[in-house]
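*Asks:* This is the structure I have questions about; it appears just below.
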There are 2 protein chains.
Amino acid sequence: MKSAIRNGIIVDESMAVLPVTKREVQYSFSVYETIRTESGKPVHLQDHLERLKASCRMIELSHPFSDEMISSSLYSLIEHDAISDASCRILIVGGPDPLFFITYSDPEPFPESYYSEGVPAILYYGERFMPEAKTSNLLMQYLAAEEAKRKGAFEALLVNRKGEILEGTRCNVYGLYGKRIYTAADGAVLSGITRISVLKAAEALGFEIVYTPPTDTNYHMFDALFLSSTPYGIIPLSSVNGHVLNRRSWEEIRKIHTLERQWEKE
Amino acid sequence: MKSAIRNGIIVDESMAVLPVTKREVQYSFSVYETIRTESGKPVHLQDHLERLKASCRMIELSHPFSDEMISSSLYSLIEHDAISDASCRILIVGGPDPLFFITYSDPEPFPESYYSEGVPAILYYGERFMPEAKTSNLLMQYLAAEEAKRKGAFEALLVNRKGEILEGTRCNVYGLYGKRIYTAADGAVLSGITRISVLKAAEALGFEIVYTPPTDTNYHMFDALFLSSTPYGIIPLSSVNGHVLNRRSWEEIRKIHTLERQWEKE
């Protein structure tokens, strides 16, 4: 039987539940973080805690759960269930009686072929409300991911009304052209924790970062497009809406990926 | 102790809970309806069931709960708890294992002064994703309602990027000018069940409906602004962002309200 954390206490996972009568559950007034553990160690824990606080600040969700409480809860859950490699999810629901949960699941497998062959994506037109806050208002992402699944794609790239490809449903998006990497500006997308180290690694390898995103009319002109996300690092895109993409810089993308994952382990 | 319905079965209200590990709970992939009961009778039940189905269709949420099952569940809950006047909430969560709940709460009181003196509102800039689907992605509405509360207002009027006042967080919005009533077009807002009868009542009283909403620059020029919602019928606005509004047609608004509530009882 799996365990979970509820308001700092270890409980059976079946107790990690939300009352449907709570107004903040009805209005999805909640924030979350997904943290990877490797060999029982949470990766980038402090960054996730900082982003969780930032999400709370943005939607003015106040709660009594300190960083210390959250991280010690996470460590006790890891110890209690002898968790090794997992994806842990912190959820905080606001309101007069805030709730705090940690649950976990097996990490998704990312086959080596994703890295060597790339993955297909589709375009999905839609804009997030408050893109920098990681909240449970994810209907658009759900619908976009379902459409991607139906079309055999790995991800849906979210396109805003200007035609800009800002991010994926669960990742950041980049276009590589010569020695430049094009991506959305910080305020327009969720500040990905892996994104930060991807951009640092790219700079260390001599790339210049241009904060202009690829668009729905120029994406095929880049030397390569790629995604980044905490669970898998960097994966190149093989196609968008069925249009096969250039693969001119996949070697270089691989180098950024390797450096980023190496830093993460340090 | 209050009861609730969970997947068609009467349970204690404490059992009306959502597992935080369910992906559709995490992504707020769910739809709802709020139905008023008067003396133990659900008001406009068939209309609510139709809108629930429409919401499901829009987000492609499939589930096995038939109209018959939902309404017989509602009636058995009303009987079991001897419910007289209440606000009942139907919630359906999608995914591989759909969930269906009915819970209820006391109806909110709407003092007579709301009708005679009107209520204050604020403007809130934000746009709904899929305005016609009644889903749990309500963060913007939550934040808007909180801001209204902080400022002592009854409602927040949602303004789109064109400056159009489309609806409130929990109501439809109208401007009255001469013998015309101005309001958003059907596709742009949630198709309010009370809105339909309000517009019919207005037409029966000789008003022409113009499907153009009031805006953030012309709202003070109307003879009167008013809100409609299932729980309270029609309430006039006394002010917006502190600017006192015209009250030239409050008599007429009252007539529409009375006719709408009368029809509802028939």
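Letters A, B, ... mark the chains of the structure tokens in the order given; residue numbers begin at 1 per chain; ligand numbers begin at 1, in order shown.
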I'd like the superposed copy of chain B - fitted to chain A by least squares over all paired Cα atoms - as an mmCIF file with C-alpha atoms, in the first residue's frame.
*Replies:*
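This went into out18.cif:
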```
data_model
loop_
_atom_site.group_PDB
_atom_site.id
_atom_site.type_symbol
_atom_site.label_atom_id
_atom_site.label_comp_id
_atom_site.auth_asym_id
_atom_site.auth_seq_id
_atom_site.Cartn_x
_atom_site.Cartn_y
_atom_site.Cartn_z
ATOM 1 C CA MET B 1 0.007 -0.002 -0.022
ATOM 2 C CA LYS B 2 1.215 3.461 -0.944
ATOM 3 C CA SER B 3 1.305 6.265 1.589
ATOM 4 C CA ALA B 4 0.849 9.993 1.136
ATOM 5 C CA ILE B 5 1.225 13.197 3.137
ATOM 6 C CA ARG B 6 -1.856 15.088 4.251
ATOM 7 C CA ASN B 7 -1.194 18.350 6.123
ATOM 8 C CA GLY B 8 2.209 17.067 7.239
ATOM 9 C CA ILE B 9 1.064 13.647 8.419
ATOM 10 C CA ILE B 10 1.733 10.287 6.755
ATOM 11 C CA VAL B 11 -1.560 8.676 5.773
ATOM 12 C CA ASP B 12 -2.671 5.888 3.502
ATOM 13 C CA GLU B 13 -2.864 7.167 -0.096
ATOM 14 C CA SER B 14 -6.628 6.590 -0.048
ATOM 15 C CA MET B 15 -6.842 9.442 2.491
ATOM 16 C CA ALA B 16 -5.311 11.937 0.048
ATOM 17 C CA VAL B 17 -8.683 13.322 -1.003
ATOM 18 C CA LEU B 18 -10.382 16.675 -1.536
ATOM 19 C CA PRO B 19 -13.903 17.416 -0.264
ATOM 20 C CA VAL B 20 -16.095 18.407 -3.226
ATOM 21 C CA THR B 21 -17.979 20.804 -0.940
ATOM 22 C CA LYS B 22 -14.905 22.978 -0.338
ATOM 23 C CA ARG B 23 -15.217 26.178 -2.361
ATOM 24 C CA GLU B 24 -11.490 26.242 -3.207
ATOM 25 C CA VAL B 25 -11.761 22.725 -4.614
ATOM 26 C CA GLN B 26 -14.764 23.797 -6.683
ATOM 27 C CA TYR B 27 -12.869 26.834 -8.032
ATOM 28 C CA SER B 28 -9.526 25.021 -8.482
ATOM 29 C CA PHE B 29 -7.848 27.531 -6.192
ATOM 30 C CA SER B 30 -4.733 25.427 -5.715
ATOM 31 C CA VAL B 31 -1.084 25.236 -6.728
ATOM 32 C CA TYR B 32 1.267 22.311 -7.256
ATOM 33 C CA GLU B 33 4.791 21.178 -8.019
ATOM 34 C CA THR B 34 6.076 17.901 -9.422
ATOM 35 C CA ILE B 35 9.441 16.883 -8.025
ATOM 36 C CA ARG B 36 11.563 14.043 -9.311
ATOM 37 C CA THR B 37 13.414 11.797 -6.899
ATOM 38 C CA GLU B 38 16.491 9.884 -7.997
ATOM 39 C CA SER B 39 17.676 7.092 -5.718
ATOM 40 C CA GLY B 40 15.542 8.579 -2.953
ATOM 41 C CA LYS B 41 16.887 12.116 -3.392
ATOM 42 C CA PRO B 42 14.579 14.973 -4.476
ATOM 43 C CA VAL B 43 16.114 16.824 -7.423
ATOM 44 C CA HIS B 44 16.166 20.668 -7.328
ATOM 45 C CA LEU B 45 14.008 20.627 -4.191
ATOM 46 C CA GLN B 46 14.806 24.206 -3.170
ATOM 47 C CA ASP B 47 13.944 25.528 -6.654
ATOM 48 C CA HIS B 48 10.588 23.738 -6.541
ATOM 49 C CA LEU B 49 9.820 25.144 -3.091
ATOM 50 C CA GLU B 50 10.669 28.651 -4.342
ATOM 51 C CA ARG B 51 8.408 28.254 -7.377
ATOM 52 C CA LEU B 52 5.609 26.889 -5.192
ATOM 53 C CA LYS B 53 5.844 30.034 -3.064
ATOM 54 C CA ALA B 54 5.906 32.196 -6.189
ATOM 55 C CA SER B 55 2.721 30.492 -7.471
ATOM 56 C CA CYS B 56 1.037 31.117 -4.120
ATOM 57 C CA ARG B 57 2.062 34.776 -4.145
ATOM 58 C CA MET B 58 0.733 35.271 -7.666
ATOM 59 C CA ILE B 59 -2.756 34.036 -6.839
ATOM 60 C CA GLU B 60 -2.607 35.339 -3.246
ATOM 61 C CA LEU B 61 -3.020 31.880 -1.761
ATOM 62 C CA SER B 62 -1.914 32.027 1.868
ATOM 63 C CA HIS B 63 -1.240 28.875 3.889
ATOM 64 C CA PRO B 64 0.635 27.853 7.010
ATOM 65 C CA PHE B 65 2.900 25.194 5.442
ATOM 66 C CA SER B 66 6.550 26.246 5.700
ATOM 67 C CA ASP B 67 9.372 25.115 3.403
ATOM 68 C CA GLU B 68 10.763 23.144 6.337
ATOM 69 C CA MET B 69 7.460 21.375 6.906
ATOM 70 C CA ILE B 70 7.034 20.555 3.224
ATOM 71 C CA SER B 71 10.564 19.248 2.772
ATOM 72 C CA SER B 72 10.602 17.256 5.999
ATOM 73 C CA SER B 73 7.211 15.768 5.002
ATOM 74 C CA LEU B 74 8.661 14.810 1.639
ATOM 75 C CA TYR B 75 11.721 13.201 3.220
ATOM 76 C CA SER B 76 9.620 11.251 5.707
ATOM 77 C CA LEU B 77 7.373 9.965 2.899
ATOM 78 C CA ILE B 78 10.450 8.912 0.902
ATOM 79 C CA GLU B 79 11.780 7.083 3.947
ATOM 80 C CA HIS B 80 8.441 5.551 4.980
ATOM 81 C CA ASP B 81 7.710 4.082 1.532
ATOM 82 C CA ALA B 82 11.371 3.475 0.646
ATOM 83 C CA ILE B 83 10.888 5.558 -2.520
ATOM 84 C CA SER B 84 13.783 5.445 -4.961
ATOM 85 C CA ASP B 85 12.956 6.905 -8.412
ATOM 86 C CA ALA B 86 9.558 8.597 -8.477
ATOM 87 C CA SER B 87 7.594 11.626 -9.474
ATOM 88 C CA CYS B 88 6.334 13.372 -6.300
ATOM 89 C CA ARG B 89 3.478 15.839 -6.430
ATOM 90 C CA ILE B 90 2.952 18.587 -3.877
ATOM 91 C CA LEU B 91 -0.531 20.116 -3.878
ATOM 92 C CA ILE B 92 -1.713 23.064 -1.787
ATOM 93 C CA VAL B 93 -5.383 24.046 -1.781
ATOM 94 C CA GLY B 94 -6.173 27.540 -0.456
ATOM 95 C CA GLY B 95 -9.061 29.069 1.421
ATOM 96 C CA PRO B 96 -9.985 29.323 5.096
ATOM 97 C CA ASP B 97 -8.769 25.752 5.758
ATOM 98 C CA PRO B 98 -5.784 25.162 3.498
ATOM 99 C CA LEU B 99 -4.842 21.603 2.583
ATOM 100 C CA PHE B 100 -1.408 20.242 1.742
ATOM 101 C CA PHE B 101 -0.680 16.878 0.119
ATOM 102 C CA ILE B 102 2.249 14.943 -1.221
ATOM 103 C CA THR B 103 1.603 11.894 -3.383
ATOM 104 C CA TYR B 104 3.898 10.043 -5.758
ATOM 105 C CA SER B 105 3.889 7.826 -8.809
ATOM 106 C CA ASP B 106 6.371 5.870 -10.863
ATOM 107 C CA PRO B 107 8.484 8.010 -13.173
ATOM 108 C CA GLU B 108 7.433 7.865 -16.817
ATOM 109 C CA PRO B 109 9.842 5.957 -19.034
ATOM 110 C CA PHE B 110 11.449 7.958 -21.836
ATOM 111 C CA PRO B 111 12.866 5.506 -24.390
ATOM 112 C CA GLU B 112 16.306 6.239 -25.819
ATOM 113 C CA SER B 113 14.669 6.570 -29.263
ATOM 114 C CA TYR B 114 12.963 9.807 -28.124
ATOM 115 C CA TYR B 115 16.430 11.321 -27.856
ATOM 116 C CA SER B 116 17.892 9.792 -30.995
ATOM 117 C CA GLU B 117 14.841 9.999 -33.298
ATOM 118 C CA GLY B 118 12.948 12.919 -31.769
ATOM 119 C CA VAL B 119 9.215 13.038 -31.083
ATOM 120 C CA PRO B 120 6.236 14.406 -33.050
ATOM 121 C CA ALA B 121 4.222 17.389 -31.792
ATOM 122 C CA ILE B 122 1.065 19.220 -32.826
ATOM 123 C CA LEU B 123 0.098 22.880 -32.575
ATOM 124 C CA TYR B 124 -2.769 23.815 -30.257
ATOM 125 C CA TYR B 125 -4.189 27.340 -30.185
ATOM 126 C CA GLY B 126 -4.861 28.560 -26.689
ATOM 127 C CA GLU B 127 -3.524 30.885 -24.018
ATOM 128 C CA ARG B 128 -2.964 30.283 -20.347
ATOM 129 C CA PHE B 129 -4.449 32.489 -17.672
ATOM 130 C CA MET B 130 -1.515 33.526 -15.439
ATOM 131 C CA PRO B 131 1.138 31.432 -17.217
ATOM 132 C CA GLU B 132 3.699 31.936 -14.459
ATOM 133 C CA ALA B 133 1.537 30.382 -11.712
ATOM 134 C CA LYS B 134 1.465 26.592 -11.539
ATOM 135 C CA THR B 135 -2.201 26.085 -10.637
ATOM 136 C CA SER B 136 -4.748 23.309 -11.113
ATOM 137 C CA ASN B 137 -6.574 25.243 -13.857
ATOM 138 C CA LEU B 138 -5.269 22.915 -16.528
ATOM 139 C CA LEU B 139 -8.301 22.179 -18.708
ATOM 140 C CA MET B 140 -6.658 23.651 -21.805
ATOM 141 C CA GLN B 141 -3.517 21.586 -21.221
ATOM 142 C CA TYR B 142 -5.667 18.479 -20.734
ATOM 143 C CA LEU B 143 -7.566 19.043 -23.981
ATOM 144 C CA ALA B 144 -4.361 19.832 -25.864
ATOM 145 C CA ALA B 145 -2.657 16.689 -24.518
ATOM 146 C CA GLU B 146 -5.693 14.579 -25.462
ATOM 147 C CA GLU B 147 -5.611 15.952 -29.002
ATOM 148 C CA ALA B 148 -1.887 15.192 -29.210
ATOM 149 C CA LYS B 149 -2.517 11.631 -28.011
ATOM 150 C CA ARG B 150 -5.299 11.124 -30.572
ATOM 151 C CA LYS B 151 -2.949 12.275 -33.325
ATOM 152 C CA GLY B 152 -0.089 10.078 -32.146
ATOM 153 C CA ALA B 153 2.001 13.060 -31.028
ATOM 154 C CA PHE B 154 4.157 13.307 -27.908
ATOM 155 C CA GLU B 155 3.271 16.910 -27.086
ATOM 156 C CA ALA B 156 0.993 19.785 -28.019
ATOM 157 C CA LEU B 157 2.700 23.147 -28.520
ATOM 158 C CA LEU B 158 0.551 26.012 -27.245
ATOM 159 C CA VAL B 159 0.234 28.884 -29.705
ATOM 160 C CA ASN B 160 -1.027 32.315 -28.622
ATOM 161 C CA ARG B 161 -3.174 34.722 -30.645
ATOM 162 C CA LYS B 162 -0.042 36.243 -32.226
ATOM 163 C CA GLY B 163 0.967 32.831 -33.540
ATOM 164 C CA GLU B 164 3.811 32.492 -31.043
ATOM 165 C CA ILE B 165 4.724 29.008 -29.817
ATOM 166 C CA LEU B 166 5.194 29.754 -26.134
ATOM 167 C CA GLU B 167 5.426 26.356 -24.469
ATOM 168 C CA GLY B 168 4.091 22.808 -24.483
ATOM 169 C CA THR B 169 1.475 21.402 -22.122
ATOM 170 C CA ARG B 170 4.224 20.093 -19.842
ATOM 171 C CA CYS B 171 7.452 21.539 -21.221
ATOM 172 C CA ASN B 172 9.286 24.552 -22.581
ATOM 173 C CA VAL B 173 9.955 24.930 -26.310
ATOM 174 C CA TYR B 174 13.037 26.167 -28.174
ATOM 175 C CA GLY B 175 14.154 26.807 -31.733
ATOM 176 C CA LEU B 176 17.823 26.518 -32.612
ATOM 177 C CA TYR B 177 19.210 28.527 -35.543
ATOM 178 C CA GLY B 178 22.953 28.766 -36.126
ATOM 179 C CA LYS B 179 24.450 29.613 -32.744
ATOM 180 C CA ARG B 180 21.233 31.106 -31.412
ATOM 181 C CA ILE B 181 18.447 29.601 -29.356
ATOM 182 C CA TYR B 182 15.001 31.183 -29.641
ATOM 183 C CA THR B 183 12.472 30.803 -26.835
ATOM 184 C CA ALA B 184 9.646 32.717 -25.140
ATOM 185 C CA ALA B 185 10.439 35.492 -22.659
ATOM 186 C CA ASP B 186 10.379 34.611 -18.972
ATOM 187 C CA GLY B 187 7.147 36.412 -18.042
ATOM 188 C CA ALA B 188 5.132 34.720 -20.807
ATOM 189 C CA VAL B 189 5.638 31.127 -19.688
ATOM 190 C CA LEU B 190 6.018 29.054 -16.588
ATOM 191 C CA SER B 191 9.543 29.510 -15.335
ATOM 192 C CA GLY B 192 10.680 25.931 -15.901
ATOM 193 C CA ILE B 193 13.260 24.707 -13.441
ATOM 194 C CA THR B 194 14.935 22.633 -16.142
ATOM 195 C CA ARG B 195 14.560 25.567 -18.565
ATOM 196 C CA ILE B 196 16.875 27.658 -16.408
ATOM 197 C CA SER B 197 19.634 25.056 -16.464
ATOM 198 C CA VAL B 198 19.046 24.300 -20.159
ATOM 199 C CA LEU B 199 19.622 27.957 -21.028
ATOM 200 C CA LYS B 200 22.703 28.084 -18.799
ATOM 201 C CA ALA B 201 24.094 24.935 -20.400
ATOM 202 C CA ALA B 202 23.408 26.354 -23.869
ATOM 203 C CA GLU B 203 25.251 29.549 -22.990
ATOM 204 C CA ALA B 204 28.164 27.552 -21.587
ATOM 205 C CA LEU B 205 28.348 25.775 -24.970
ATOM 206 C CA GLY B 206 28.535 29.094 -26.813
ATOM 207 C CA PHE B 207 24.899 29.684 -27.790
ATOM 208 C CA GLU B 208 23.241 33.065 -27.581
ATOM 209 C CA ILE B 209 19.721 33.087 -26.106
ATOM 210 C CA VAL B 210 17.149 35.190 -27.971
ATOM 211 C CA TYR B 211 13.915 35.707 -26.054
ATOM 212 C CA THR B 212 11.674 35.537 -29.108
ATOM 213 C CA PRO B 213 9.649 32.353 -29.523
ATOM 214 C CA PRO B 214 9.272 30.327 -32.713
ATOM 215 C CA THR B 215 5.918 30.938 -34.429
ATOM 216 C CA ASP B 216 3.337 28.892 -36.303
ATOM 217 C CA THR B 217 4.688 30.290 -39.582
ATOM 218 C CA ASN B 218 8.468 30.043 -39.053
ATOM 219 C CA TYR B 219 8.934 26.904 -36.941
ATOM 220 C CA HIS B 220 10.021 24.786 -39.926
ATOM 221 C CA MET B 221 12.821 27.223 -40.756
ATOM 222 C CA PHE B 222 14.850 26.523 -37.609
ATOM 223 C CA ASP B 223 17.786 24.138 -37.724
ATOM 224 C CA ALA B 224 15.977 22.171 -35.049
ATOM 225 C CA LEU B 225 13.219 22.495 -32.469
ATOM 226 C CA PHE B 226 13.401 20.919 -29.032
ATOM 227 C CA LEU B 227 11.543 20.560 -25.758
ATOM 228 C CA SER B 228 12.748 20.595 -22.184
ATOM 229 C CA SER B 229 11.114 19.293 -19.052
ATOM 230 C CA THR B 230 12.199 18.103 -15.634
ATOM 231 C CA PRO B 231 11.397 14.395 -16.192
ATOM 232 C CA TYR B 232 13.277 13.974 -19.476
ATOM 233 C CA GLY B 233 15.733 16.854 -19.890
ATOM 234 C CA ILE B 234 15.849 17.742 -23.599
ATOM 235 C CA ILE B 235 14.137 15.902 -26.454
ATOM 236 C CA PRO B 236 14.293 17.067 -30.109
ATOM 237 C CA LEU B 237 11.123 17.363 -32.226
ATOM 238 C CA SER B 238 10.879 15.211 -35.325
ATOM 239 C CA SER B 239 7.738 16.830 -36.743
ATOM 240 C CA VAL B 240 5.020 19.425 -36.062
ATOM 241 C CA ASN B 241 1.506 18.789 -37.382
ATOM 242 C CA GLY B 242 3.003 16.101 -39.583
ATOM 243 C CA HIS B 243 5.613 18.395 -41.181
ATOM 244 C CA VAL B 244 9.034 16.806 -40.832
ATOM 245 C CA LEU B 245 11.518 19.208 -39.244
ATOM 246 C CA ASN B 246 15.179 19.957 -39.876
ATOM 247 C CA ARG B 247 17.637 17.954 -37.803
ATOM 248 C CA ARG B 248 20.693 20.014 -38.529
ATOM 249 C CA SER B 249 21.818 20.525 -34.927
ATOM 250 C CA TRP B 250 20.770 17.398 -33.109
ATOM 251 C CA GLU B 251 24.368 16.774 -32.128
ATOM 252 C CA GLU B 252 24.469 20.145 -30.403
ATOM 253 C CA ILE B 253 21.109 19.559 -28.713
ATOM 254 C CA ARG B 254 22.472 16.330 -27.336
ATOM 255 C CA LYS B 255 25.445 18.175 -25.897
ATOM 256 C CA ILE B 256 23.197 20.670 -24.108
ATOM 257 C CA HIS B 257 21.113 17.795 -22.748
ATOM 258 C CA THR B 258 24.163 15.936 -21.462
ATOM 259 C CA LEU B 259 25.578 19.024 -19.765
ATOM 260 C CA GLU B 260 22.216 19.885 -18.163
ATOM 261 C CA ARG B 261 21.731 16.383 -16.762
ATOM 262 C CA GLN B 262 25.314 16.319 -15.520
ATOM 263 C CA TRP B 263 24.802 19.578 -13.581
ATOM 264 C CA GLU B 264 21.603 18.214 -12.137
ATOM 265 C CA LYS B 265 23.468 15.287 -10.635
ATOM 266 C CA GLU B 266 26.078 17.542 -9.004
#
```
*Asks:* If you run DSSP on the backbone, which residues of range 64-189 of chain A are strand (DSSP E or B), as a PyMOL selection string?
*Replies:* chain A and resi 86-93+99-105+119-125+135+155-159+164-168+172-177+180-182
*Asks:* Please give the complete set of residues from range 130-266 of chain A that DSSP, run on the backbone, assigns to alpha helix (DSSP H), formatted as a CSV table (one decimal) with N, CA, C and O atoms, in the first residue's frame.
*Replies:*
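See result-v1.csv below for the written result:
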```csv
chain,number,residue,atom,x,y,z
A,139,LEU,N,-7.4,22.8,-17.7
A,139,LEU,CA,-8.3,22.2,-18.7
A,139,LEU,C,-7.7,22.3,-20.1
A,139,LEU,O,-7.7,21.3,-20.9
A,140,MET,N,-7.2,23.5,-20.5
A,140,MET,CA,-6.6,23.6,-21.8
A,140,MET,C,-5.5,22.7,-22.1
A,140,MET,O,-5.4,22.0,-23.1
A,141,GLN,N,-4.6,22.5,-21.1
A,141,GLN,CA,-3.5,21.6,-21.2
A,141,GLN,C,-4.0,20.1,-21.4
A,141,GLN,O,-3.5,19.4,-22.2
A,142,TYR,N,-5.1,19.8,-20.6
A,142,TYR,CA,-5.7,18.5,-20.7
A,142,TYR,C,-6.2,18.2,-22.1
A,142,TYR,O,-5.9,17.2,-22.8
A,143,LEU,N,-7.0,19.2,-22.6
A,143,LEU,CA,-7.6,19.0,-24.0
A,143,LEU,C,-6.5,19.0,-25.0
A,143,LEU,O,-6.6,18.2,-26.0
A,144,ALA,N,-5.4,19.8,-24.9
A,144,ALA,CA,-4.3,19.8,-25.9
A,144,ALA,C,-3.6,18.5,-25.8
A,144,ALA,O,-3.3,17.9,-26.9
A,145,ALA,N,-3.4,18.0,-24.6
A,145,ALA,CA,-2.6,16.7,-24.5
A,145,ALA,C,-3.5,15.5,-25.1
A,145,ALA,O,-3.0,14.6,-25.7
A,146,GLU,N,-4.8,15.6,-24.9
A,146,GLU,CA,-5.7,14.6,-25.5
A,146,GLU,C,-5.6,14.6,-27.0
A,146,GLU,O,-5.6,13.6,-27.6
A,147,GLU,N,-5.6,15.8,-27.5
A,147,GLU,CA,-5.6,16.0,-29.0
A,147,GLU,C,-4.3,15.4,-29.5
A,147,GLU,O,-4.3,14.7,-30.6
A,148,ALA,N,-3.2,15.7,-28.8
A,148,ALA,CA,-1.9,15.2,-29.2
A,148,ALA,C,-1.9,13.7,-29.2
A,148,ALA,O,-1.5,13.0,-30.2
A,149,LYS,N,-2.4,13.1,-28.2
A,149,LYS,CA,-2.5,11.6,-28.0
A,149,LYS,C,-3.3,11.0,-29.2
A,149,LYS,O,-2.8,10.1,-29.8
A,150,ARG,N,-4.5,11.6,-29.5
A,150,ARG,CA,-5.3,11.1,-30.6
A,150,ARG,C,-4.6,11.1,-31.9
A,150,ARG,O,-4.8,10.3,-32.7
A,193,ILE,N,12.1,24.9,-14.2
A,193,ILE,CA,13.3,24.7,-13.4
A,193,ILE,C,14.4,24.1,-14.3
A,193,ILE,O,15.5,24.5,-14.3
A,194,THR,N,14.0,23.2,-15.2
A,194,THR,CA,14.9,22.6,-16.1
A,194,THR,C,15.3,23.7,-17.2
A,194,THR,O,16.4,23.7,-17.7
A,195,ARG,N,14.3,24.5,-17.6
A,195,ARG,CA,14.6,25.6,-18.6
A,195,ARG,C,15.8,26.4,-18.2
A,195,ARG,O,16.6,26.8,-19.0
A,196,ILE,N,15.8,26.8,-16.9
A,196,ILE,CA,16.9,27.7,-16.4
A,196,ILE,C,18.2,27.0,-16.7
A,196,ILE,O,19.1,27.6,-17.2
A,197,SER,N,18.3,25.7,-16.3
A,197,SER,CA,19.6,25.1,-16.5
A,197,SER,C,19.9,24.7,-17.9
A,197,SER,O,21.1,24.7,-18.4
A,198,VAL,N,18.9,24.5,-18.7
A,198,VAL,CA,19.1,24.3,-20.2
A,198,VAL,C,19.7,25.6,-20.8
A,198,VAL,O,20.6,25.5,-21.6
A,199,LEU,N,19.1,26.7,-20.4
A,199,LEU,CA,19.6,28.0,-21.0
A,199,LEU,C,21.0,28.2,-20.6
A,199,LEU,O,21.9,28.7,-21.4
A,200,LYS,N,21.3,27.9,-19.3
A,200,LYS,CA,22.7,28.1,-18.8
A,200,LYS,C,23.7,27.2,-19.6
A,200,LYS,O,24.8,27.6,-19.9
A,201,ALA,N,23.2,25.9,-19.7
A,201,ALA,CA,24.1,24.9,-20.4
A,201,ALA,C,24.3,25.4,-21.9
A,201,ALA,O,25.5,25.3,-22.4
A,202,ALA,N,23.3,25.9,-22.5
A,202,ALA,CA,23.4,26.3,-23.9
A,202,ALA,C,24.4,27.5,-24.0
A,202,ALA,O,25.3,27.5,-24.9
A,203,GLU,N,24.3,28.4,-23.0
A,203,GLU,CA,25.3,29.5,-23.0
A,203,GLU,C,26.7,29.1,-22.8
A,203,GLU,O,27.6,29.5,-23.4
A,204,ALA,N,26.8,28.1,-21.9
A,204,ALA,CA,28.2,27.5,-21.6
A,204,ALA,C,28.7,26.9,-22.9
A,204,ALA,O,30.0,26.8,-23.0
A,250,TRP,N,21.1,18.3,-34.2
A,250,TRP,CA,20.7,17.4,-33.1
A,250,TRP,C,21.9,17.0,-32.3
A,250,TRP,O,21.8,16.8,-31.1
A,251,GLU,N,23.1,17.0,-32.9
A,251,GLU,CA,24.4,16.8,-32.2
A,251,GLU,C,24.5,17.8,-31.0
A,251,GLU,O,24.9,17.5,-29.9
A,252,GLU,N,24.3,19.0,-31.4
A,252,GLU,CA,24.5,20.1,-30.4
A,252,GLU,C,23.4,20.1,-29.3
A,252,GLU,O,23.7,20.3,-28.2
A,253,ILE,N,22.2,19.7,-29.7
A,253,ILE,CA,21.1,19.6,-28.7
A,253,ILE,C,21.5,18.5,-27.7
A,253,ILE,O,21.3,18.7,-26.5
A,254,ARG,N,22.0,17.4,-28.2
A,254,ARG,CA,22.4,16.3,-27.4
A,254,ARG,C,23.5,16.8,-26.4
A,254,ARG,O,23.4,16.4,-25.2
A,255,LYS,N,24.4,17.7,-26.8
A,255,LYS,CA,25.4,18.2,-25.9
A,255,LYS,C,24.8,19.0,-24.8
A,255,LYS,O,25.3,18.9,-23.6
A,256,ILE,N,23.8,19.8,-25.1
A,256,ILE,CA,23.2,20.7,-24.1
A,256,ILE,C,22.5,19.7,-23.1
A,256,ILE,O,22.6,19.9,-21.9
A,257,HIS,N,21.8,18.8,-23.6
A,257,HIS,CA,21.1,17.8,-22.8
A,257,HIS,C,22.1,17.1,-21.8
A,257,HIS,O,21.8,17.1,-20.6
A,258,THR,N,23.2,16.7,-22.3
A,258,THR,CA,24.2,15.9,-21.5
A,258,THR,C,24.7,16.8,-20.4
A,258,THR,O,24.8,16.4,-19.2
A,259,LEU,N,25.0,18.1,-20.8
A,259,LEU,CA,25.6,19.0,-19.8
A,259,LEU,C,24.5,19.3,-18.7
A,259,LEU,O,24.8,19.4,-17.5
A,260,GLU,N,23.3,19.5,-19.1
A,260,GLU,CA,22.2,19.9,-18.2
A,260,GLU,C,22.0,18.8,-17.2
A,260,GLU,O,21.9,19.0,-16.0
A,261,ARG,N,21.9,17.5,-17.7
A,261,ARG,CA,21.7,16.4,-16.8
A,261,ARG,C,22.9,16.2,-15.9
A,261,ARG,O,22.7,15.7,-14.7
A,262,GLN,N,24.1,16.5,-16.4
A,262,GLN,CA,25.3,16.3,-15.5
A,262,GLN,C,25.3,17.3,-14.4
A,262,GLN,O,25.5,16.9,-13.2
A,263,TRP,N,24.9,18.6,-14.7
A,263,TRP,CA,24.8,19.6,-13.6
A,263,TRP,C,23.8,19.2,-12.6
A,263,TRP,O,24.0,19.4,-11.4
A,264,GLU,N,22.7,18.6,-13.1
A,264,GLU,CA,21.6,18.2,-12.2
A,264,GLU,C,22.1,17.2,-11.1
A,264,GLU,O,21.6,17.2,-10.0
A,265,LYS,N,23.0,16.3,-11.6
A,265,LYS,CA,23.5,15.3,-10.7
A,265,LYS,C,24.4,15.8,-9.6
A,265,LYS,O,24.7,15.2,-8.6
```
